[in-house]
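This is my_file.txt. It holds compact mmCIF, C-alpha atoms.
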```txt
# COMPACT_ATOMS: atom_id res chain seq x y z
CA MET A 1 -27.01 18.64 -8.78
CA SER A 2 -24.01 16.46 -9.63
CA SER A 3 -22.95 13.95 -6.99
CA VAL A 4 -19.81 12.07 -6.00
CA ALA A 5 -19.57 8.77 -4.12
CA VAL A 6 -16.68 8.54 -1.67
CA SER A 7 -15.76 5.12 -0.29
CA PRO A 8 -12.44 5.54 1.63
CA ARG A 9 -13.07 5.67 5.37
CA SER A 10 -10.07 7.85 6.17
CA PHE A 11 -11.26 10.49 3.68
CA ARG A 12 -14.39 11.15 5.69
CA GLU A 13 -12.96 10.52 9.16
CA VAL A 14 -9.94 12.83 8.96
CA PRO A 15 -10.72 16.55 8.78
CA GLY A 16 -8.64 18.70 6.47
CA ARG A 17 -8.43 20.60 3.24
CA HIS A 18 -9.60 17.63 1.17
CA ARG A 19 -13.01 17.74 2.81
CA GLU A 20 -13.16 21.53 2.70
CA LEU A 21 -12.42 21.44 -1.03
CA LEU A 22 -15.14 18.86 -1.67
CA GLU A 23 -17.71 20.55 0.55
CA GLY A 24 -17.08 23.86 -1.19
CA SER A 25 -17.45 22.39 -4.68
CA GLY A 26 -21.25 22.27 -4.71
CA LEU A 27 -21.23 18.51 -5.32
CA LYS A 28 -23.57 16.27 -3.37
CA THR A 29 -21.44 13.77 -1.47
CA VAL A 30 -22.57 10.19 -0.90
CA TYR A 31 -20.81 8.10 1.73
CA PRO A 32 -21.29 4.39 2.53
CA ALA A 33 -23.16 3.41 5.67
CA VAL A 34 -20.52 0.92 6.85
CA ASP A 35 -16.93 1.39 8.01
CA ARG A 36 -15.16 -1.40 6.13
CA GLN A 37 -14.19 -2.43 2.62
CA LEU A 38 -17.32 -2.63 0.49
CA THR A 39 -18.53 -5.59 -1.53
CA GLU A 40 -19.36 -5.29 -5.22
CA ASP A 41 -23.10 -5.10 -4.47
CA GLU A 42 -22.52 -2.40 -1.86
CA MET A 43 -20.43 -0.43 -4.34
CA ILE A 44 -23.22 -0.71 -6.92
CA ASP A 45 -25.66 0.74 -4.39
CA LEU A 46 -23.21 3.49 -3.45
CA VAL A 47 -22.58 4.81 -6.97
CA ALA A 48 -26.18 4.62 -8.20
CA GLY A 49 -27.04 8.05 -9.61
CA CYS A 50 -23.53 9.44 -9.04
CA ASP A 51 -21.42 11.31 -11.58
CA ALA A 52 -18.07 10.61 -9.93
CA LEU A 53 -16.41 8.13 -7.60
CA ILE A 54 -13.50 8.52 -5.21
CA VAL A 55 -12.43 5.00 -4.29
CA GLY A 56 -9.80 3.30 -2.17
CA ILE A 57 -9.38 -0.48 -2.29
CA ASP A 58 -13.05 -1.34 -2.86
CA PRO A 59 -13.89 -3.30 -6.04
CA VAL A 60 -14.77 -1.24 -9.10
CA THR A 61 -16.07 -3.87 -11.51
CA GLU A 62 -17.88 -3.39 -14.78
CA GLY A 63 -21.12 -3.76 -12.84
CA VAL A 64 -20.11 -0.93 -10.52
CA LEU A 65 -19.09 1.28 -13.43
CA LYS A 66 -22.46 0.75 -15.10
CA ALA A 67 -24.49 1.32 -11.93
CA GLY A 68 -24.46 5.10 -12.04
CA ARG A 69 -23.85 7.82 -14.56
CA LEU A 70 -20.16 7.87 -13.76
CA ARG A 71 -17.89 10.15 -15.73
CA VAL A 72 -14.77 9.83 -13.60
CA VAL A 73 -13.19 7.47 -11.06
CA ALA A 74 -10.48 8.98 -8.88
CA LYS A 75 -8.30 6.40 -7.12
CA TYR A 76 -7.51 7.46 -3.58
CA GLY A 77 -4.00 6.03 -3.85
CA SER A 78 -1.79 4.76 -6.65
CA GLY A 79 -2.57 1.12 -7.51
CA LEU A 80 -5.38 0.56 -10.02
CA ASP A 81 -5.61 -3.22 -9.68
CA ASN A 82 -9.07 -3.03 -8.04
CA ILE A 83 -10.55 -1.12 -11.00
CA ASP A 84 -11.67 -2.69 -14.28
CA ILE A 85 -9.72 -0.33 -16.52
CA GLU A 86 -10.80 -2.00 -19.78
CA ALA A 87 -14.47 -1.65 -18.86
CA ALA A 88 -13.94 2.00 -17.91
CA GLU A 89 -12.33 2.69 -21.28
CA ARG A 90 -15.24 1.03 -23.12
CA LEU A 91 -17.71 3.10 -21.13
CA GLY A 92 -15.79 6.35 -21.64
CA ILE A 93 -15.13 6.82 -17.93
CA VAL A 94 -11.97 8.69 -16.94
CA VAL A 95 -9.81 6.82 -14.40
CA LYS A 96 -6.95 8.58 -12.66
CA SER A 97 -4.90 7.85 -9.56
CA THR A 98 -3.00 10.00 -7.08
CA PRO A 99 0.57 8.65 -7.33
CA GLY A 100 3.08 10.00 -4.85
CA ALA A 101 0.56 11.56 -2.49
CA ASN A 102 1.01 8.89 0.20
CA SER A 103 4.56 7.80 -0.68
CA GLN A 104 6.24 9.28 2.38
CA ALA A 105 3.75 7.64 4.73
CA VAL A 106 4.19 4.21 3.11
CA ALA A 107 7.97 4.57 3.07
CA GLU A 108 8.07 5.46 6.76
CA LEU A 109 5.92 2.44 7.65
CA THR A 110 8.21 0.23 5.58
CA LEU A 111 11.18 1.28 7.70
CA ALA A 112 9.13 0.99 10.88
CA LEU A 113 8.22 -2.62 10.04
CA LEU A 114 11.79 -3.49 9.14
CA LEU A 115 13.07 -2.01 12.39
CA ALA A 116 10.35 -3.82 14.34
CA LEU A 117 11.43 -7.13 12.80
CA ALA A 118 15.14 -6.53 13.33
CA ARG A 119 14.81 -5.40 16.96
CA ARG A 120 11.94 -7.75 17.90
CA VAL A 121 9.76 -4.84 19.02
CA VAL A 122 6.48 -6.77 19.27
CA PRO A 123 7.91 -9.76 21.22
CA HIS A 124 9.56 -7.30 23.59
CA HIS A 125 6.26 -5.49 24.13
CA VAL A 126 4.47 -8.77 24.82
CA SER A 127 7.23 -9.78 27.21
CA ALA A 128 7.20 -6.50 29.13
CA ALA A 129 3.38 -6.32 29.23
CA SER A 130 3.19 -9.84 30.66
CA GLY A 131 5.76 -9.06 33.35
CA SER A 132 8.18 -11.74 32.20
CA TRP A 133 10.86 -9.28 31.08
CA ASP A 134 12.34 -11.78 28.60
CA ARG A 135 14.69 -10.30 26.03
CA HIS A 136 14.78 -11.40 22.39
CA MET A 137 18.04 -11.08 20.47
CA GLY A 138 17.85 -8.78 17.48
CA VAL A 139 20.22 -7.54 14.80
CA GLU A 140 21.52 -4.12 13.76
CA LEU A 141 20.60 -2.85 10.30
CA MET A 142 23.68 -0.67 9.80
CA GLY A 143 25.88 -2.23 7.13
CA ARG A 144 23.28 -4.80 6.09
CA GLN A 145 22.03 -4.89 2.51
CA LEU A 146 18.48 -3.81 1.77
CA GLY A 147 17.16 -4.97 -1.59
CA LEU A 148 14.37 -2.86 -3.04
CA ILE A 149 12.20 -4.53 -5.66
CA GLY A 150 10.68 -1.53 -7.36
CA LEU A 151 12.28 1.89 -7.33
CA GLY A 152 9.33 4.19 -7.80
CA GLU A 153 8.44 7.02 -5.46
CA VAL A 154 8.05 4.82 -2.37
CA GLY A 155 11.15 2.77 -3.11
CA ARG A 156 13.25 5.91 -3.57
CA ARG A 157 12.05 7.35 -0.26
CA VAL A 158 12.79 4.08 1.53
CA ALA A 159 16.28 4.15 0.00
CA LEU A 160 16.84 7.70 1.23
CA MET A 161 15.90 6.85 4.82
CA ALA A 162 17.63 3.48 4.89
CA GLY A 163 20.76 5.10 3.48
CA ALA A 164 20.72 7.55 6.38
CA MET A 165 20.84 4.48 8.65
CA SER A 166 23.99 3.35 6.81
CA MET A 167 22.36 0.36 5.16
CA GLU A 168 23.82 -0.88 1.89
CA LEU A 169 21.25 -0.31 -0.86
CA VAL A 170 20.55 -2.27 -4.03
CA ALA A 171 17.49 -2.31 -6.25
CA TYR A 172 15.81 -4.12 -9.10
CA ASP A 173 13.45 -2.27 -11.42
CA PRO A 174 13.24 -3.06 -15.15
CA PHE A 175 11.73 0.37 -15.77
CA VAL A 176 14.57 2.37 -14.19
CA ASP A 177 17.68 3.00 -16.30
CA ARG A 178 19.69 5.25 -13.98
CA SER A 179 19.68 5.67 -10.23
CA ASP A 180 21.91 6.60 -7.32
CA VAL A 181 21.02 3.17 -5.92
CA ARG A 182 23.11 0.28 -7.26
CA MET A 183 20.97 -1.73 -9.67
CA LEU A 184 21.14 -5.51 -9.76
CA SER A 185 19.36 -8.28 -11.59
CA LEU A 186 16.47 -9.78 -9.63
CA GLU A 187 18.44 -12.98 -9.11
CA GLU A 188 21.46 -11.10 -7.73
CA LEU A 189 19.29 -9.01 -5.41
CA ILE A 190 17.45 -12.04 -4.00
CA ALA A 191 20.65 -13.97 -3.30
CA SER A 192 22.65 -11.15 -1.73
CA SER A 193 20.20 -9.08 0.36
CA ASP A 194 19.78 -9.25 4.13
CA ALA A 195 16.32 -7.71 3.78
CA ILE A 196 14.01 -7.38 0.80
CA SER A 197 11.23 -4.82 0.49
CA LEU A 198 8.53 -4.98 -2.19
CA HIS A 199 7.43 -1.80 -3.98
CA VAL A 200 5.85 -2.96 -7.25
CA PRO A 201 2.25 -2.85 -8.50
CA LEU A 202 0.18 -6.01 -8.62
CA THR A 203 0.05 -7.29 -12.20
CA GLU A 204 -0.14 -10.71 -13.79
CA ASP A 205 3.67 -10.66 -13.97
CA THR A 206 4.16 -9.79 -10.29
CA ARG A 207 1.34 -11.83 -8.73
CA TYR A 208 2.91 -14.37 -6.34
CA MET A 209 6.39 -13.38 -7.46
CA VAL A 210 7.58 -14.25 -3.95
CA ASP A 211 7.02 -17.99 -4.14
CA ALA A 212 8.80 -21.01 -2.67
CA ASP A 213 11.60 -20.76 -5.24
CA PHE A 214 12.12 -17.03 -4.55
CA LEU A 215 12.29 -17.65 -0.80
CA ALA A 216 14.66 -20.60 -1.20
CA ARG A 217 17.11 -18.32 -3.02
CA MET A 218 17.08 -15.68 -0.24
CA ARG A 219 19.89 -15.51 2.28
CA PRO A 220 19.14 -17.58 5.39
CA GLY A 221 17.93 -15.29 8.17
CA ALA A 222 16.82 -12.48 5.86
CA PHE A 223 13.76 -10.27 6.35
CA LEU A 224 10.86 -9.69 3.95
CA VAL A 225 8.71 -6.55 4.06
CA ASN A 226 5.65 -6.08 1.85
CA THR A 227 3.86 -2.73 2.04
CA ALA A 228 2.65 -2.98 -1.55
CA ARG A 229 0.09 -5.69 -2.36
CA PHE A 230 -0.58 -8.90 -0.43
CA ALA A 231 -0.82 -11.07 -3.56
CA LEU A 232 2.79 -10.32 -4.49
CA ALA A 233 3.66 -13.20 -2.16
CA ASP A 234 2.47 -16.77 -1.75
CA ILE A 235 1.38 -16.73 1.89
CA ASP A 236 1.83 -20.49 2.34
CA ALA A 237 5.38 -20.29 1.02
CA VAL A 238 6.11 -17.40 3.41
CA ALA A 239 4.76 -19.44 6.32
CA ASP A 240 6.97 -22.38 5.30
CA ALA A 241 10.03 -20.12 5.12
CA LEU A 242 9.34 -18.70 8.58
CA ALA A 243 8.78 -22.15 10.04
CA SER A 244 12.04 -23.46 8.58
CA GLY A 245 14.06 -20.43 9.66
CA ARG A 246 14.91 -19.43 6.08
CA LEU A 247 13.17 -16.14 6.87
CA ALA A 248 14.01 -14.45 10.16
CA GLY A 249 10.94 -12.26 9.83
CA ALA A 250 8.20 -11.13 7.49
CA ALA A 251 5.93 -8.09 7.69
CA PHE A 252 2.83 -7.43 5.58
CA ASP A 253 0.72 -4.29 5.39
CA ASP A 254 -1.92 -5.56 2.99
CA PHE A 255 -4.30 -8.50 2.97
CA GLU A 256 -6.75 -9.47 0.22
CA ASP A 257 -8.87 -11.02 2.94
CA ARG A 258 -7.95 -11.14 6.61
CA PRO A 259 -6.35 -14.53 7.23
CA ASP A 260 -8.74 -16.63 9.30
CA GLU A 261 -7.94 -17.65 12.83
CA GLY A 262 -6.51 -20.94 11.59
CA SER A 263 -3.91 -19.29 9.37
CA ARG A 264 -0.40 -20.48 10.13
CA LEU A 265 0.89 -16.93 10.03
CA TRP A 266 -1.09 -15.70 13.02
CA GLY A 267 0.98 -16.30 16.10
CA MET A 268 4.09 -17.37 14.18
CA ASP A 269 7.32 -16.08 15.62
CA GLY A 270 8.74 -13.50 13.24
CA PHE A 271 5.47 -12.55 11.53
CA LEU A 272 4.20 -8.99 11.79
CA ALA A 273 0.91 -7.73 10.34
CA SER A 274 -0.38 -4.23 9.70
CA PRO A 275 -3.98 -3.57 8.49
CA HIS A 276 -3.19 -1.74 5.24
CA ALA A 277 -2.09 1.26 7.29
CA GLY A 278 0.68 2.52 5.03
CA ALA A 279 -1.20 5.67 4.06
CA SER A 280 -2.77 6.21 7.47
CA THR A 281 -1.25 9.52 8.42
CA VAL A 282 -3.03 12.84 8.69
CA GLU A 283 -0.68 14.35 6.12
CA ALA A 284 -1.08 11.55 3.58
CA VAL A 285 -4.87 11.54 3.88
CA GLU A 286 -5.02 15.26 3.16
CA ARG A 287 -2.58 15.14 0.25
CA THR A 288 -4.26 12.12 -1.33
CA GLY A 289 -7.74 13.46 -0.70
CA VAL A 290 -6.98 16.85 -2.22
CA ALA A 291 -5.49 15.19 -5.30
CA ALA A 292 -8.54 12.91 -5.71
CA VAL A 293 -11.00 15.78 -5.36
CA GLN A 294 -9.07 17.81 -7.91
CA ILE A 295 -9.33 14.92 -10.38
CA VAL A 296 -13.11 14.88 -9.92
CA LEU A 297 -13.51 18.64 -10.22
CA GLU A 298 -11.42 18.78 -13.38
CA ALA A 299 -13.32 15.90 -15.01
CA LEU A 300 -16.69 17.45 -14.16
CA GLY A 301 -15.63 20.92 -15.26
CA ILE A 302 -16.06 22.48 -11.82
CA ASP A 303 -13.87 25.40 -10.81
CA GLY A 304 -12.00 24.88 -7.58
CA ASP A 305 -8.91 25.89 -5.68
CA THR A 306 -6.28 23.71 -7.33
CA ARG A 307 -3.40 24.46 -5.04
CA SER A 308 -1.97 21.34 -3.46
CA GLY A 309 -1.83 20.90 0.29
CA GLU A 310 1.96 21.25 0.28
CA GLU A 311 1.71 24.63 -1.39
CA GLN A 312 -0.38 26.13 1.37
```
Target format structure tokens, applied to this file:
Amino acid sequence: MSSVAVSPRSFREVPGRHRELLEGSGLKTVYPAVDRQLTEDEMIDLVAGCDALIVGIDPVTEGVLKAGRLRVVAKYGSGLDNIDIEAAERLGIVVKSTPGANSQAVAELTLALLLALARRVVPHHVSAASGSWDRHMGVELMGRQLGLIGLGEVGRRVALMAGAMSMELVAYDPFVDRSDVRMLSLEELIASSDAISLHVPLTEDTRYMVDADFLARMRPGAFLVNTARFALADIDAVADALASGRLAGAAFDDFEDRPDEGSRLWGMDGFLASPHAGASTVEAVERTGVAAVQIVLEALGIDGDTRSGEEQ
């Protein structure tokens, strides 16, 4: 019997058509024994003897790829930066992602974080819960400029929703020629935006793109939202910008490693963290899960119901 290793926690915790499709495929399913991101050694143990892997953000190194008899790796999400693509190609292993399946969920969280920063939602909760009833002055987003770095599926959805809030929209994306959103150079976007939201993949070109120089060129009192990859920004530079007041607020939904208790960001006024929850909606889990299972079934030559969840 062929088998598939499945590492994403939400895949197995959220019931839905993705699990029904997998359970009805005849594949033996192997899940990890722990509810957290796996180490390389734990991934090697997980995939041993497996023909396929459905993976989230866990590391898929050459050692992991060689540990089983893998024929396909299905990324439960869009970014492939945690997978050794070159090693997979050498080993003849198919690697595919599920772009767009969780875009609406990530876009909605992006707007939620921006609104929380602008209207000081967390400080107000802390104030009310403590009984002090202190109010913190916020700003309105209507009429303010939102700069989108990256205008893929998530960026376009953020633009649609932010436009409905009457925000002024601009974007930078070297891979987009035409758009309803006004396109600017990166330098123009940085200097003119009241809020900047990151929607680019993590590559050697984008790693730490938000550095001290980037932040120094932003408008004083601007907001920064990162629901893409943590390493797009230099965390020390972000902390400096918050401390100096250059940034009015920063929100991150992804962390390579959870900042330790001594991190300057924890407890800083204007900093908001989310535990990589962009895709954590029931709808996104089902859409992404169905797409990942379909990748596996196709690669293994197994017949299955290939209708997407949205076509039900």
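From atom CA of A:Ile57 back to atom CA of A:Gln37, the distance works out to 7.1 Å.
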**Item:** Counting all atoms listed in the file, the option among A:Val282, A:Arg119, A:Leu186, A:Ala48 closest to A:Gly270
**Value:** A:Arg119
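The nearest approach to A:Asp81 among the residues A:Val139, A:Val126, A:Leu202, A:Val285, with only C-alpha atoms taken into account, belongs to A:Leu202.
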**Item:** Residue contacts of A:Val293 (8 Å, all atoms listed in the file) excluding same-chain residues fewer than 3 positions away, as an MDAnalysis selection string
**Value:** chainID A and resid 18 21:22 54 74 289:290 296:297
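Here atom CA of A:Val6 stands at a distance of 20.2 Å from atom CA of A:Leu91.
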**Item:** Point-to-point distance from atom CA of A:Ala228 to atom CA of A:Phe175, Å rounded to tenths
**Value:** 17.2 Å
